[in-house]
Structure formats: structure tokens, C-alpha cells
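*Asks:* Please find target_33.pdb (PDB, C-alpha atoms) on the next line:
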```pdb
MODEL        1
ATOM      1  CA  PHE U   1     -15.494 -43.464 -51.190
ATOM      2  CA  ASP U   2     -15.185 -39.786 -50.442
ATOM      3  CA  GLU U   3     -15.435 -40.625 -46.782
ATOM      4  CA  PHE U   4     -12.123 -42.440 -46.876
ATOM      5  CA  ASP U   5     -10.203 -39.772 -48.774
ATOM      6  CA  LEU U   6      -6.706 -39.857 -47.336
ATOM      7  CA  LYS U   7      -5.879 -36.198 -48.065
ATOM      8  CA  ARG U   8      -8.989 -34.928 -46.295
ATOM      9  CA  LEU U   9      -8.346 -37.278 -43.389
ATOM     10  CA  GLU U  10      -4.741 -36.036 -43.054
ATOM     11  CA  ALA U  11      -5.890 -32.393 -43.258
ATOM     12  CA  THR U  12      -8.467 -32.933 -40.504
ATOM     13  CA  LEU U  13      -5.891 -34.776 -38.414
ATOM     14  CA  GLY U  14      -3.436 -31.888 -38.915
ATOM     15  CA  VAL U  15      -6.074 -29.385 -37.720
ATOM     16  CA  LEU U  16      -6.836 -31.505 -34.655
ATOM     17  CA  VAL U  17      -3.137 -31.892 -33.815
ATOM     18  CA  ALA U  18      -2.589 -28.130 -34.201
ATOM     19  CA  GLU U  19      -5.522 -27.387 -31.896
ATOM     20  CA  LYS U  20      -4.205 -29.841 -29.307
ATOM     21  CA  GLU U  21      -0.722 -28.302 -29.459
ATOM     22  CA  ALA U  22      -2.209 -24.805 -29.094
ATOM     23  CA  GLN U  23      -4.152 -25.933 -26.027
ATOM     24  CA  GLU U  24      -1.040 -27.514 -24.509
ATOM     25  CA  LEU U  25       0.976 -24.369 -25.222
ATOM     26  CA  ALA U  26      -1.693 -22.155 -23.631
ATOM     27  CA  ALA U  27      -1.820 -24.446 -20.586
ATOM     28  CA  CYS U  28       1.983 -24.366 -20.310
ATOM     29  CA  GLU U  29       2.040 -20.560 -20.547
ATOM     30  CA  GLU U  30      -0.721 -20.284 -17.928
ATOM     31  CA  GLU U  31       1.186 -22.600 -15.603
ATOM     32  CA  SER U  32       4.419 -20.622 -16.030
ATOM     33  CA  ARG U  33       2.519 -17.364 -15.421
ATOM     34  CA  ARG U  34       0.972 -18.848 -12.286
ATOM     35  CA  GLN U  35       4.389 -20.053 -11.085
ATOM     36  CA  ALA U  36       5.902 -16.614 -11.692
ATOM     37  CA  GLN U  37       3.074 -14.963  -9.744
ATOM     38  CA  LEU U  38       3.488 -17.439  -6.892
ATOM     39  CA  GLU U  39       7.240 -16.849  -6.818
ATOM     40  CA  LEU U  40       6.711 -13.084  -6.761
ATOM     41  CA  GLU U  41       4.240 -13.373  -3.871
ATOM     42  CA  GLN U  42       6.719 -15.521  -1.961
ATOM     43  CA  GLN U  43       9.481 -12.969  -2.542
ATOM     44  CA  VAL U  44       7.268 -10.148  -1.285
ATOM     45  CA  LYS U  45       6.277 -12.165   1.776
ATOM     46  CA  LYS U  46       9.911 -13.013   2.460
ATOM     47  CA  TYR U  47      10.855  -9.330   2.093
ATOM     48  CA  TYR U  48       8.194  -8.250   4.572
ATOM     49  CA  GLN U  49       9.401 -10.860   7.043
ATOM     50  CA  THR U  50      12.967  -9.557   6.849
ATOM     51  CA  LEU U  51      12.006  -5.940   7.554
ATOM     52  CA  PRO U  52      13.384  -4.716  10.874
ATOM     53  CA  GLY U  53      11.227  -3.383  13.639
ATOM     54  CA  ASN U  54       8.097  -4.167  15.523
ATOM     55  CA  PRO U  55       5.080  -4.966  13.266
ATOM     56  CA  ASP U  56       2.539  -3.760  15.853
ATOM     57  CA  THR U  57      -0.550  -2.200  14.211
ATOM     58  CA  ALA U  58      -2.883  -1.892  17.213
ATOM     59  CA  TRP U  59      -5.385   0.966  17.402
ATOM     60  CA  SER U  60      -3.308   2.780  20.030
ATOM     61  CA  THR U  61      -0.267   2.734  17.745
ATOM     62  CA  ARG U  62      -2.361   4.068  14.879
ATOM     63  CA  ILE U  63      -3.706   6.934  17.009
ATOM     64  CA  VAL U  64      -0.264   7.946  18.255
ATOM     65  CA  SER U  65       1.164   7.720  14.726
ATOM     66  CA  SER U  66      -1.473  10.189  13.513
ATOM     67  CA  LEU U  67       0.075  12.878  15.764
ATOM     68  CA  ALA U  68       2.632  13.532  13.041
ATOM     69  CA  TYR U  69      -0.170  14.954  10.899
ATOM     70  CA  PHE U  70      -1.212  17.259  13.738
ATOM     71  CA  LEU U  71       2.011  19.294  13.554
ATOM     72  CA  PRO U  72       1.347  21.004  10.178
ATOM     73  CA  VAL U  73      -2.273  21.630  11.167
ATOM     74  CA  TRP U  74      -1.086  23.272  14.393
ATOM     75  CA  ASP U  75       1.347  25.464  12.461
ATOM     76  CA  ALA U  76      -1.224  26.422   9.834
ATOM     77  CA  ALA U  77      -3.914  27.387  12.372
ATOM     78  CA  LYS U  78      -2.618  30.961  12.473
ATOM     79  CA  LEU U  79      -3.022  31.230   8.721
ATOM     80  CA  GLY U  80      -6.508  29.740   8.867
ATOM     81  CA  LEU U  81      -8.206  32.707  10.535
ATOM     82  CA  PRO U  82      -9.412  34.170   7.209
ATOM     83  CA  LEU U  83     -10.956  30.788   6.423
ATOM     84  CA  GLY U  84     -12.594  30.841   9.851
ATOM     85  CA  ILE U  85     -14.116  34.207   9.054
ATOM     86  CA  LEU U  86     -15.431  32.934   5.713
ATOM     87  CA  PHE U  87     -16.634  29.632   7.171
ATOM     88  CA  PRO U  88     -17.684  30.102  10.822
ATOM     89  CA  VAL U  89     -18.020  26.328  11.255
ATOM     90  CA  LEU U  90     -14.206  26.115  11.325
ATOM     91  CA  LEU U  91     -13.786  28.630  14.164
ATOM     92  CA  PRO U  92     -14.147  26.194  17.119
ATOM     93  CA  GLY U  93     -11.370  23.984  15.775
ATOM     94  CA  LEU U  94      -9.166  26.966  15.010
ATOM     95  CA  ASP U  95      -9.827  28.367  18.482
ATOM     96  CA  ILE U  96      -8.627  25.175  20.128
ATOM     97  CA  LEU U  97      -5.440  25.189  18.072
ATOM     98  CA  LEU U  98      -4.778  28.889  18.696
ATOM     99  CA  ILE U  99      -5.352  28.496  22.444
ATOM    100  CA  ALA U 100      -2.949  25.545  22.466
ATOM    101  CA  ASP U 101      -0.433  27.687  20.581
ATOM    102  CA  LYS U 102      -0.696  30.439  23.203
ATOM    103  CA  LEU U 103      -0.518  28.016  26.159
ATOM    104  CA  ILE U 104       2.494  26.130  24.795
ATOM    105  CA  PRO U 105       4.551  28.754  22.952
ATOM    106  CA  TRP U 106       7.279  26.333  21.838
ATOM    107  CA  GLY U 107       4.812  23.491  21.311
ATOM    108  CA  PRO U 108       5.276  22.863  17.581
ATOM    109  CA  ILE U 109       9.066  22.779  17.804
ATOM    110  CA  VAL U 110       8.946  20.526  20.882
ATOM    111  CA  LEU U 111       6.514  18.201  19.101
ATOM    112  CA  PHE U 112       8.769  18.188  16.024
ATOM    113  CA  PHE U 113      11.868  17.172  17.977
ATOM    114  CA  THR U 114       9.873  14.596  19.934
ATOM    115  CA  LEU U 115       8.660  13.033  16.701
ATOM    116  CA  GLN U 116      12.216  13.066  15.332
ATOM    117  CA  GLY U 117      13.413  11.237  18.445
ATOM    118  CA  ILE U 118      10.650   8.666  18.085
ATOM    119  CA  ALA U 119      11.494   8.137  14.416
ATOM    120  CA  ASN U 120      15.063   7.101  15.253
ATOM    121  CA  ARG U 121      14.126   4.403  17.770
ATOM    122  CA  LYS U 122      14.232   1.042  15.994
ATOM    123  CA  GLU U 123      12.468  -0.874  18.803
ATOM    124  CA  LEU U 124       9.231   1.045  18.245
ATOM    125  CA  PRO U 125       6.661  -0.198  15.730
ATOM    126  CA  ALA U 126       7.374   0.774  12.125
ATOM    127  CA  LEU U 127       3.973   2.431  11.883
ATOM    128  CA  LEU U 128       4.879   4.718  14.754
ATOM    129  CA  ARG U 129       8.279   5.596  13.360
TER     130      ARG U 129
ENDMDL
END
```
Go through the file and emit its structure as C-alpha cells.
*Replies:*
Amino acid sequence: FDEFDLKRLEATLGVLVAEKEAQELAACEEESRRQAQLELEQQVKKYYQTLPGNPDTAWSTRIVSSLAYFLPVWDAAKLGLPLGILFPVLLPGLDILLIADKLIPWGPIVLFFTLQGIANRKELPALLR
């Protein structure tokens, strides 16, 4: 009658109940984690929708927005001549920038103020500002 031992049966039942409770707890924690992640994603989406400005990201906007990175390159072209001497491959690009600097003497400052004016216009795409 060892098969019908009540103490062993209760111990096995206790183990099974504990396993079931652990599974339910893990499922509950997973569901709450999933809900928190979903809520966070919704908050981020809502935040992006409330941002002011034009969300245009066309290729033309991206090209024009890259002009801001041209200003430091234009300014540093004068300092790049020693690099051009060390690496002759860089000379054609430096030549173009130096010629542009001689043709438009106030070019970098004009470009800077133009970019500042563009940055203050709220109706332009955020990528361009």
C-alpha cells in the first residue's frame, strides 16, 4: 500500500501546486512586462506626434540639411594644405574649397548666418532646421 501513502501524495501535490503557481507568476510578470513595453511605445509614438514642425524627410531635404556640415570643412580647407602635400589625393578637393574661398570672400560667414536664419523658421522640416 505504498502507492496510496497519504504523506507522499500530499508532498507530490504540493510540488505540483508550487510549479503551477510559479508558472502563473512568470506568465503574470511577462504580461505586465509586455504591457509596460506597449505603454512605453505608445508614449513615444504620442510624443513624436506632438512634436512641432514639418516631418518631411525627402531626399532633397536630406541633401540641403547636409550643407551644415560643409561649413566647418570649408573653414578647415586652409589648414588642410599640409595634409594635401602629404596625401596628394586630397588636393583636388582642397583646391575646389580654396577656389570657392577666394571667389566668395565672405562665404563662410554668409553661409553661417543663412543657416542660422533657416534654423529659426518653424515651418521648415525639422531635419532641415
*Asks:* Near Ile96 of chain U, counting only C-alpha atoms, which residues have an atom at most 12 Å away, once you skip same-chain residues fewer than 4 positions from it, shown as a count of residues only?
*Replies:* 11
*Asks:* Report, in Å with one decimal, the straight-line distance from atom CA of Gly93 of chain U to atom CA of Ile118 of chain U.
*Replies:*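 Distance reported for this atom pair: 26.9 Å.
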*Asks:* What is the distance between atom CA of Glu30 of chain U and atom CA of Ala18 of chain U, in Å to one decimal?
*Replies:* 18.2 Å
*Asks:* Would you work out the distance separating atom CA of Pro82 of chain U from atom CA of Asp95 of chain U, expressed in Å to one decimal?
*Replies:*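 We find that atom CA of Pro82 of chain U and atom CA of Asp95 of chain U lie 12.7 Å from each other.
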*Asks:* Which residue gives the smallest distance to Trp106 of chain U among U:Asp75, U:Asp5, U:Glu39, U:Glu19, with only C-alpha atoms counted?
*Replies:*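 For Trp106 of chain U, the nearest of the given residues is U:Asp75.
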*Asks:* Can you tell me, as JSON, the centre and edge lengths (Å, one decimal) of the axis-aligned box enclosing all of segment 63-79 of chain U's listed atoms after padding each side by 6 Å?
*Replies:*
```
{"center_x": -0.6, "center_y": 19.1, "center_z": 13.5, "size_x": 18.5, "size_y": 36.3, "size_z": 21.5}
```
*Asks:* Which neighbours of Pro72 of chain U fall inside 12 Å, counting only C-alpha atoms, when residues of the same chain fewer than 2 positions from it are skipped, and could you give them as a ChimeraX atom specification?
*Replies:* /U:66-70,74-80,97,107-109,111-112
